[in-house]
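Enquirer: One structure, pasted below without further comment.
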Amino acid sequence: MTITTETVPKVGRNFRIQWESAQDAWVLLYPEGMVKLNQSAGEILKRCDGSACVADIVADLETTFNTQGLEGDVIGFIELAVQQKWVE
Amino acid sequence: MNDMAEAGAAQQTSKIGPPFWLLAELTYRCPLHCVYCYNPVDFASTAEELSTEDWFRVLREARELGSVQCGFSGGEPMLRDDLELIVAEASRLGYYTNLLTSGVGLTEKRIAALKEAGLAHIQLSFQDSTREVNDFLSSTRTFDLKRRAADMIKAHGYPMVMNCTIHRHNIDHIEAILQLASDIDAEYVELANTQYYGWAQVNRDQLLPSREQLERAERITNEWRAKHGNKMKLFFVVPDYYETRPKKCMNGWGNIFLTITPDGKALPCHTARMLPGLEFPSVRDMSIREIWYESEGFNRYRGTGWMKEPCSSCPEKEKDFGGCRCQAYMVANDPAAADPVCDKSPFHHKIAEAVALAQQPGNPAQVKPLIFRGPKESLELNRPF
């Protein structure tokens, strides 16, 4: 699957993302398992809600963190997440 | 002075991570009679089951400490009439909820109610790919019912793990078991080689597969993976009897895993209540916080400080934490000994003898009959394993 700025990613149907204050992190939960996400992975994945396209997500992140040039990193991470089935 | 002591205690506590995994064993009652059940052999002599309110409190207190994965197991958890209420409370608290069931008692009405209660996932057990072996090993007629349960689970949109415990009597069916998992559209399949605790320990000599059987099963599993990719995720749990180093049991004692038994005992693993000289606290008397951070039961085998030789000077001690305390007790008669699976253990020959016995051809169950799990057998045997 090729990820472009128009792709609309969504957290995989068998995964759930939630904030865990005990771990001070976003985590991805699935049958009998858990992945603790680092800050950037968490910020990207929580925006993969099935309505925002990659361009929207990049724009939102760049505004929120007052930075630029995140597109390559976001696409790279989403490609990895698709392989892991975290995102579909 | 008091303040300093308290600060020191707080620092000690903060090094211990949260019990991420909470296993709620809701009942020891079970309609099945599996010969490899890990429940204690003397389960029929345990105290009264926790109430709904008790479980609500356990869920709340563990969640406050950071528990996030919650498994509902047993026995057969469907036998609790309040399962839906308990699942609903767990979901409300923010747990990811897993139901581990034989499928017996799963009706259209209850599966819909569990969905409504927020249940996230169902793990369905099969005993074999054939009706004959499935029904023989569980001493029930449940194969067709399990197939229907699988259809219901999928129809309601749950992700499904199919679990099949593997041993001498079904390991040669591994390809058909994988095919069954694929037919019922499981997302994950666990081929869990029997671990020898509880009833499985009673029946160990009849259940241990030969090396040839094991190697064939591993080969077929790998071929399946290569052919079908990761559409269905496969876990092959190796039997530790065929290893020379022990497993990192429960990922370390009191590290991430907390089991609460049907009668309210808090344990660092499902089988630890068999260990002698160690009183495990009850959730009826102590908070989950005290249990996890302060109780002797949870602190005794944490880390590496408790170890004896050959573990204490072993360069791999942080890797496997000396293996399993229950196996050390059952085989070496000392819960602080090295797990005898390790070939550095002076008791490793006992494992080697069991393995040697398993290489003999034929069906050992014809020589020594299998003992099926049941309340009557439990009272007769009247021992933990």
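Labels for the structure tokens follow display order: chains A, B, ..., residues from 1 in each chain, ligands from 1.
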Write out as a PDB file with C-alpha atoms, in the first residue's frame each polymer residue whose atoms come within 9 Å of B:Gly71, counting only C-alpha atoms; drop sequence neighbours fewer than 2 positions from it.
Expert:
```pdb
ATOM      1  CA  GLU A  32      -3.710  -9.801  24.831  1.00  0.00           C
TER       2      GLU A  32
ATOM      3  CA  TRP B  21      -1.773  -7.425  33.008  1.00  0.00           C
ATOM      4  CA  LEU B  22      -4.635  -8.366  35.288  1.00  0.00           C
ATOM      5  CA  LEU B  23      -5.967 -11.895  34.952  1.00  0.00           C
ATOM      6  CA  ALA B  24      -9.335 -12.282  36.643  1.00  0.00           C
ATOM      7  CA  GLU B  25     -10.025 -15.969  37.127  1.00  0.00           C
ATOM      8  CA  GLN B  69      -5.010  -5.408  29.845  1.00  0.00           C
ATOM      9  CA  SER B  73     -10.723 -16.554  32.567  1.00  0.00           C
ATOM     10  CA  TYR B  96      -8.894  -3.556  27.165  1.00  0.00           C
ATOM     11  CA  THR B  97     -11.046  -6.585  27.986  1.00  0.00           C
ATOM     12  CA  ASN B  98     -10.307 -10.139  26.850  1.00  0.00           C
ATOM     13  CA  LEU B  99     -12.640 -13.100  27.396  1.00  0.00           C
ATOM     14  CA  LEU B 100     -10.944 -16.514  27.486  1.00  0.00           C
TER      15      LEU B 100
END
```
Enquirer: Env of B:His121: 6 Å cut, atoms = only C-alpha atoms, seq-sep filter 2 positions within chain, self excluded. Answer as a PyMOL selection string.
Expert: (chain A and resi 31) or (chain B and resi 98+158-159)
Enquirer: What is the distance between atom CA of B:Ala192 and atom CA of B:Pro262, in Å to one decimal?
Expert: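 A separation of 23.5 Å between them.
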Enquirer: Please provide as a list in words all residues within 7 Å of A:Asn14, with the sequence filter that same-chain residues fewer than 2 positions apart are discarded (counting only C-alpha atoms).
Expert: Gly12, Arg16 and Tyr30 of chain A; Pro159 of chain B
Enquirer: How about saving the chosen residues, all heavy atoms kept, as an mmCIF file, in the first residue's frame?
Expert:
```cif
data_model
loop_
_atom_site.group_PDB
_atom_site.id
_atom_site.type_symbol
_atom_site.label_atom_id
_atom_site.label_comp_id
_atom_site.auth_asym_id
_atom_site.auth_seq_id
_atom_site.Cartn_x
_atom_site.Cartn_y
_atom_site.Cartn_z
ATOM 1 N N GLY A 12 -6.277 0.487 12.957
ATOM 2 C CA GLY A 12 -6.783 -0.835 12.573
ATOM 3 C C GLY A 12 -7.971 -1.260 13.433
ATOM 4 O O GLY A 12 -8.036 -0.941 14.615
ATOM 5 N N ARG A 16 -6.793 -0.482 19.498
ATOM 6 C CA ARG A 16 -7.409 0.656 20.175
ATOM 7 C C ARG A 16 -6.287 1.526 20.716
ATOM 8 O O ARG A 16 -5.346 1.028 21.334
ATOM 9 C CB ARG A 16 -8.265 0.131 21.327
ATOM 10 C CG ARG A 16 -9.028 1.207 22.048
ATOM 11 C CD ARG A 16 -10.083 0.577 22.932
ATOM 12 N NE ARG A 16 -9.710 0.597 24.335
ATOM 13 C CZ ARG A 16 -10.287 -0.147 25.274
ATOM 14 N NH1 ARG A 16 -11.226 -1.017 24.949
ATOM 15 N NH2 ARG A 16 -9.903 -0.038 26.520
ATOM 16 N N TYR A 30 -4.436 -4.324 21.829
ATOM 17 C CA TYR A 30 -4.986 -5.324 20.903
ATOM 18 C C TYR A 30 -5.114 -6.628 21.680
ATOM 19 O O TYR A 30 -4.701 -6.694 22.849
ATOM 20 C CB TYR A 30 -4.093 -5.451 19.664
ATOM 21 C CG TYR A 30 -2.644 -5.745 19.959
ATOM 22 C CD1 TYR A 30 -2.167 -7.057 19.964
ATOM 23 C CD2 TYR A 30 -1.749 -4.712 20.245
ATOM 24 C CE1 TYR A 30 -0.841 -7.331 20.234
ATOM 25 C CE2 TYR A 30 -0.414 -4.983 20.524
ATOM 26 C CZ TYR A 30 0.024 -6.294 20.516
ATOM 27 O OH TYR A 30 1.331 -6.571 20.797
ATOM 28 N N PRO B 159 -12.476 -9.327 17.259
ATOM 29 C CA PRO B 159 -11.269 -10.042 16.870
ATOM 30 C C PRO B 159 -11.201 -11.340 17.671
ATOM 31 O O PRO B 159 -11.638 -11.384 18.820
ATOM 32 C CB PRO B 159 -10.137 -9.089 17.263
ATOM 33 C CG PRO B 159 -10.700 -8.140 18.245
ATOM 34 C CD PRO B 159 -12.196 -8.112 18.040
#
```
Enquirer: If you run DSSP on the backbone, which residues of chain A are strand (DSSP E or B), as a VMD selection string?
Expert: chain A and resid 10 to 11 16 to 20 25 to 30 33 to 36 49 87
Enquirer: Counting only C-alpha atoms, what is within 8 Å of A:Pro9, bar same-chain residues fewer than 2 positions away, as a PyMOL selection string?
Expert: chain A and resi 7+11+48-54+78+87-88
Enquirer: Write to file, as a PDB file, in the first residue's frame, the residues of the selection just made, with all heavy atoms.
Expert:
```
ATOM      1  N   THR A   7      -4.155   9.892   1.217  1.00  0.00           N
ATOM      2  CA  THR A   7      -4.590   8.691   1.940  1.00  0.00           C
ATOM      3  C   THR A   7      -5.291   9.093   3.236  1.00  0.00           C
ATOM      4  O   THR A   7      -4.849  10.023   3.925  1.00  0.00           O
ATOM      5  CB  THR A   7      -3.367   7.805   2.291  1.00  0.00           C
ATOM      6  OG1 THR A   7      -2.621   7.592   1.104  1.00  0.00           O
ATOM      7  CG2 THR A   7      -3.788   6.479   2.895  1.00  0.00           C
ATOM      8  N   VAL A  11      -6.904   3.911  12.442  1.00  0.00           N
ATOM      9  CA  VAL A  11      -6.353   2.895  13.348  1.00  0.00           C
ATOM     10  C   VAL A  11      -7.054   1.565  13.065  1.00  0.00           C
ATOM     11  O   VAL A  11      -8.275   1.522  12.893  1.00  0.00           O
ATOM     12  CB  VAL A  11      -6.526   3.307  14.832  1.00  0.00           C
ATOM     13  CG1 VAL A  11      -6.205   2.155  15.774  1.00  0.00           C
ATOM     14  CG2 VAL A  11      -5.622   4.496  15.160  1.00  0.00           C
ATOM     15  N   CYS A  48      -5.184   9.424  13.325  1.00  0.00           N
ATOM     16  CA  CYS A  48      -5.635   8.518  12.260  1.00  0.00           C
ATOM     17  C   CYS A  48      -7.055   8.043  12.585  1.00  0.00           C
ATOM     18  O   CYS A  48      -7.269   6.916  13.018  1.00  0.00           O
ATOM     19  CB  CYS A  48      -4.688   7.320  12.130  1.00  0.00           C
ATOM     20  SG  CYS A  48      -3.028   7.790  11.622  1.00  0.00           S
ATOM     21  N   ASP A  49      -8.021   8.939  12.376  1.00  0.00           N
ATOM     22  CA  ASP A  49      -9.386   8.661  12.828  1.00  0.00           C
ATOM     23  C   ASP A  49     -10.322   8.280  11.680  1.00  0.00           C
ATOM     24  O   ASP A  49     -11.530   8.167  11.868  1.00  0.00           O
ATOM     25  CB  ASP A  49      -9.938   9.881  13.575  1.00  0.00           C
ATOM     26  CG  ASP A  49      -9.942  11.138  12.707  1.00  0.00           C
ATOM     27  OD1 ASP A  49      -9.583  11.039  11.512  1.00  0.00           O
ATOM     28  OD2 ASP A  49     -10.301  12.210  13.225  1.00  0.00           O
ATOM     29  N   GLY A  50      -9.775   8.105  10.485  1.00  0.00           N
ATOM     30  CA  GLY A  50     -10.622   7.700   9.364  1.00  0.00           C
ATOM     31  C   GLY A  50     -11.333   8.876   8.699  1.00  0.00           C
ATOM     32  O   GLY A  50     -12.098   8.677   7.760  1.00  0.00           O
ATOM     33  N   SER A  51     -11.094  10.097   9.172  1.00  0.00           N
ATOM     34  CA  SER A  51     -11.691  11.246   8.480  1.00  0.00           C
ATOM     35  C   SER A  51     -10.607  12.202   7.949  1.00  0.00           C
ATOM     36  O   SER A  51     -10.777  12.808   6.898  1.00  0.00           O
ATOM     37  CB  SER A  51     -12.682  11.980   9.381  1.00  0.00           C
ATOM     38  OG  SER A  51     -12.015  12.535  10.492  1.00  0.00           O
ATOM     39  N   ALA A  52      -9.494  12.317   8.681  1.00  0.00           N
ATOM     40  CA  ALA A  52      -8.424  13.222   8.246  1.00  0.00           C
ATOM     41  C   ALA A  52      -7.506  12.511   7.242  1.00  0.00           C
ATOM     42  O   ALA A  52      -7.164  11.344   7.439  1.00  0.00           O
ATOM     43  CB  ALA A  52      -7.612  13.675   9.445  1.00  0.00           C
ATOM     44  N   CYS A  53      -7.126  13.199   6.160  1.00  0.00           N
ATOM     45  CA  CYS A  53      -6.152  12.623   5.234  1.00  0.00           C
ATOM     46  C   CYS A  53      -4.741  12.976   5.730  1.00  0.00           C
ATOM     47  O   CYS A  53      -4.573  13.782   6.660  1.00  0.00           O
ATOM     48  CB  CYS A  53      -6.376  13.105   3.811  1.00  0.00           C
ATOM     49  SG  CYS A  53      -5.998  14.849   3.579  1.00  0.00           S
ATOM     50  N   VAL A  54      -3.738  12.357   5.122  1.00  0.00           N
ATOM     51  CA  VAL A  54      -2.359  12.558   5.575  1.00  0.00           C
ATOM     52  C   VAL A  54      -1.990  14.045   5.568  1.00  0.00           C
ATOM     53  O   VAL A  54      -1.363  14.556   6.502  1.00  0.00           O
ATOM     54  CB  VAL A  54      -1.373  11.714   4.731  1.00  0.00           C
ATOM     55  CG1 VAL A  54       0.073  12.110   5.017  1.00  0.00           C
ATOM     56  CG2 VAL A  54      -1.581  10.229   5.022  1.00  0.00           C
ATOM     57  N   ILE A  78       3.515   6.047   8.898  1.00  0.00           N
ATOM     58  CA  ILE A  78       2.240   5.398   8.544  1.00  0.00           C
ATOM     59  C   ILE A  78       2.490   4.144   7.705  1.00  0.00           C
ATOM     60  O   ILE A  78       1.816   3.125   7.883  1.00  0.00           O
ATOM     61  CB  ILE A  78       1.267   6.394   7.859  1.00  0.00           C
ATOM     62  CG1 ILE A  78       0.819   7.436   8.900  1.00  0.00           C
ATOM     63  CG2 ILE A  78       0.046   5.675   7.281  1.00  0.00           C
ATOM     64  CD1 ILE A  78      -0.052   8.548   8.375  1.00  0.00           C
ATOM     65  N   VAL A  87      -2.577   0.431  11.367  1.00  0.00           N
ATOM     66  CA  VAL A  87      -3.362   1.372  10.580  1.00  0.00           C
ATOM     67  C   VAL A  87      -3.843   0.662   9.335  1.00  0.00           C
ATOM     68  O   VAL A  87      -3.137  -0.169   8.772  1.00  0.00           O
ATOM     69  CB  VAL A  87      -2.476   2.597  10.208  1.00  0.00           C
ATOM     70  CG1 VAL A  87      -3.084   3.391   9.069  1.00  0.00           C
ATOM     71  CG2 VAL A  87      -2.252   3.491  11.412  1.00  0.00           C
ATOM     72  N   GLU A  88      -5.085   1.001   8.913  1.00  0.00           N
ATOM     73  CA  GLU A  88      -5.569   0.411   7.648  1.00  0.00           C
ATOM     74  C   GLU A  88      -6.128   1.498   6.749  1.00  0.00           C
ATOM     75  O   GLU A  88      -6.332   2.617   7.150  1.00  0.00           O
ATOM     76  CB  GLU A  88      -6.595  -0.697   7.912  1.00  0.00           C
ATOM     77  CG  GLU A  88      -7.649  -0.342   8.935  1.00  0.00           C
ATOM     78  CD  GLU A  88      -8.561  -1.498   9.316  1.00  0.00           C
ATOM     79  OE1 GLU A  88      -8.092  -2.621   9.477  1.00  0.00           O
ATOM     80  OE2 GLU A  88      -9.761  -1.230   9.464  1.00  0.00           O
TER      81      GLU A  88
END
```
Enquirer: List every residue of chain A that DSSP, applied to the backbone, labels as alpha helix (DSSP H), and write the result as a ChimeraX atom specification.
Expert: /A:39-45,54-64,71-83
Enquirer: Give me, as a tab-separated table, each residue of stretch 263-287 of chain B that comes within 7 Å of stretch 297-303 of chain B, together with its shortest interatomic pair and the distance in Å at one decimal, counting only C-alpha atoms, with rows ordered by chain and rising residue number.
Expert:
```
residue	atom	partner	partner_atom	distance
B:Pro268	CA	B:Phe298	CA	6.4
B:Leu278	CA	B:Gly297	CA	6.0
B:Glu279	CA	B:Gly297	CA	6.0
B:Phe280	CA	B:Gly297	CA	5.0
```
Enquirer: Taking a cut-off of 12 Å and counting only C-alpha atoms, can you build a table that, for each residue of chain A near chain B, reports the nearest atom pair and how far apart they are in Å (one decimal), sorted by chain then residue number, as JSON lines?
Expert:
```
{"residue": "A:Gly12", "atom": "CA", "partner": "B:Pro159", "partner_atom": "CA", "distance": 11.1}
{"residue": "A:Arg13", "atom": "CA", "partner": "B:Pro159", "partner_atom": "CA", "distance": 8.5}
{"residue": "A:Asn14", "atom": "CA", "partner": "B:Pro159", "partner_atom": "CA", "distance": 6.0}
{"residue": "A:Phe15", "atom": "CA", "partner": "B:Ala120", "partner_atom": "CA", "distance": 9.3}
{"residue": "A:Arg16", "atom": "CA", "partner": "B:Tyr96", "partner_atom": "CA", "distance": 8.3}
{"residue": "A:Ile17", "atom": "CA", "partner": "B:Tyr96", "partner_atom": "CA", "distance": 10.2}
{"residue": "A:Gln18", "atom": "CA", "partner": "B:Gly94", "partner_atom": "CA", "distance": 8.7}
{"residue": "A:Trp19", "atom": "CA", "partner": "B:Gly94", "partner_atom": "CA", "distance": 9.8}
{"residue": "A:Glu20", "atom": "CA", "partner": "B:Gly66", "partner_atom": "CA", "distance": 7.7}
{"residue": "A:Ser21", "atom": "CA", "partner": "B:Gly66", "partner_atom": "CA", "distance": 7.9}
{"residue": "A:Ala22", "atom": "CA", "partner": "B:Gly66", "partner_atom": "CA", "distance": 5.1}
{"residue": "A:Gln23", "atom": "CA", "partner": "B:Gly66", "partner_atom": "CA", "distance": 7.5}
{"residue": "A:Asp24", "atom": "CA", "partner": "B:Gly66", "partner_atom": "CA", "distance": 10.4}
{"residue": "A:Ala25", "atom": "CA", "partner": "B:Gly66", "partner_atom": "CA", "distance": 11.7}
{"residue": "A:Val27", "atom": "CA", "partner": "B:Val68", "partner_atom": "CA", "distance": 9.8}
{"residue": "A:Leu28", "atom": "CA", "partner": "B:Tyr96", "partner_atom": "CA", "distance": 10.0}
{"residue": "A:Leu29", "atom": "CA", "partner": "B:Tyr96", "partner_atom": "CA", "distance": 6.7}
{"residue": "A:Tyr30", "atom": "CA", "partner": "B:Tyr96", "partner_atom": "CA", "distance": 7.6}
{"residue": "A:Pro31", "atom": "CA", "partner": "B:His121", "partner_atom": "CA", "distance": 5.9}
{"residue": "A:Glu32", "atom": "CA", "partner": "B:Gln69", "partner_atom": "CA", "distance": 6.8}
{"residue": "A:Gly33", "atom": "CA", "partner": "B:Gln69", "partner_atom": "CA", "distance": 7.3}
{"residue": "A:Met34", "atom": "CA", "partner": "B:Gln69", "partner_atom": "CA", "distance": 7.8}
{"residue": "A:Val35", "atom": "CA", "partner": "B:Gln69", "partner_atom": "CA", "distance": 11.3}
{"residue": "A:Lys36", "atom": "CA", "partner": "B:Phe20", "partner_atom": "CA", "distance": 11.4}
{"residue": "A:Gln83", "atom": "CA", "partner": "B:Asn230", "partner_atom": "CA", "distance": 9.7}
{"residue": "A:Gln84", "atom": "CA", "partner": "B:Asn230", "partner_atom": "CA", "distance": 9.6}
{"residue": "A:Lys85", "atom": "CA", "partner": "B:Asn230", "partner_atom": "CA", "distance": 9.8}
```
Enquirer: Residues within 7 Å of B:Thr194, please, as a ChimeraX atom specification. Count only C-alpha atoms; anything in the same chain fewer than 3 positions from it doesn't count.
Expert: /B:36,165-167,239
Enquirer: Near A:Ile75, within 12 Å and counting only C-alpha atoms, which residues show up once chain neighbours fewer than 4 positions away are dropped, as JSON, numbers by chain?
Expert: {"A": [1, 2, 3, 4, 5, 6, 7, 8, 9, 41, 44, 45, 48, 53, 54, 55, 57, 58, 69, 70, 71, 79, 80, 81, 82, 87]}
Enquirer: Rounded to one decimal place, report the atom CA of B:Met78-atom CA of B:Leu114 distance in Å.
Expert: 10.6 Å
Enquirer: Do you have the atom CA of B:Gln195-atom CA of B:Gln127 distance handy?
Expert: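 Those two atoms sit 14.7 Å apart.
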Enquirer: So that I can see what lies close to stretch 197-205 of chain B, please list as a ChimeraX atom specification the residues with an atom at most 8 Å from it, counting only C-alpha atoms and leaving out residues fewer than 6 positions away in the same chain.
Expert: /B:35-41,271,327,354,357-358,364,370-373,384-385
Enquirer: My list of candidates is B:Asn333, B:Thr46, B:Thr244, B:Thr107. Which is closest to B:Arg273 when distances are computed with only C-alpha atoms?
Expert: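 The closest residue to B:Arg273 is B:Thr46.
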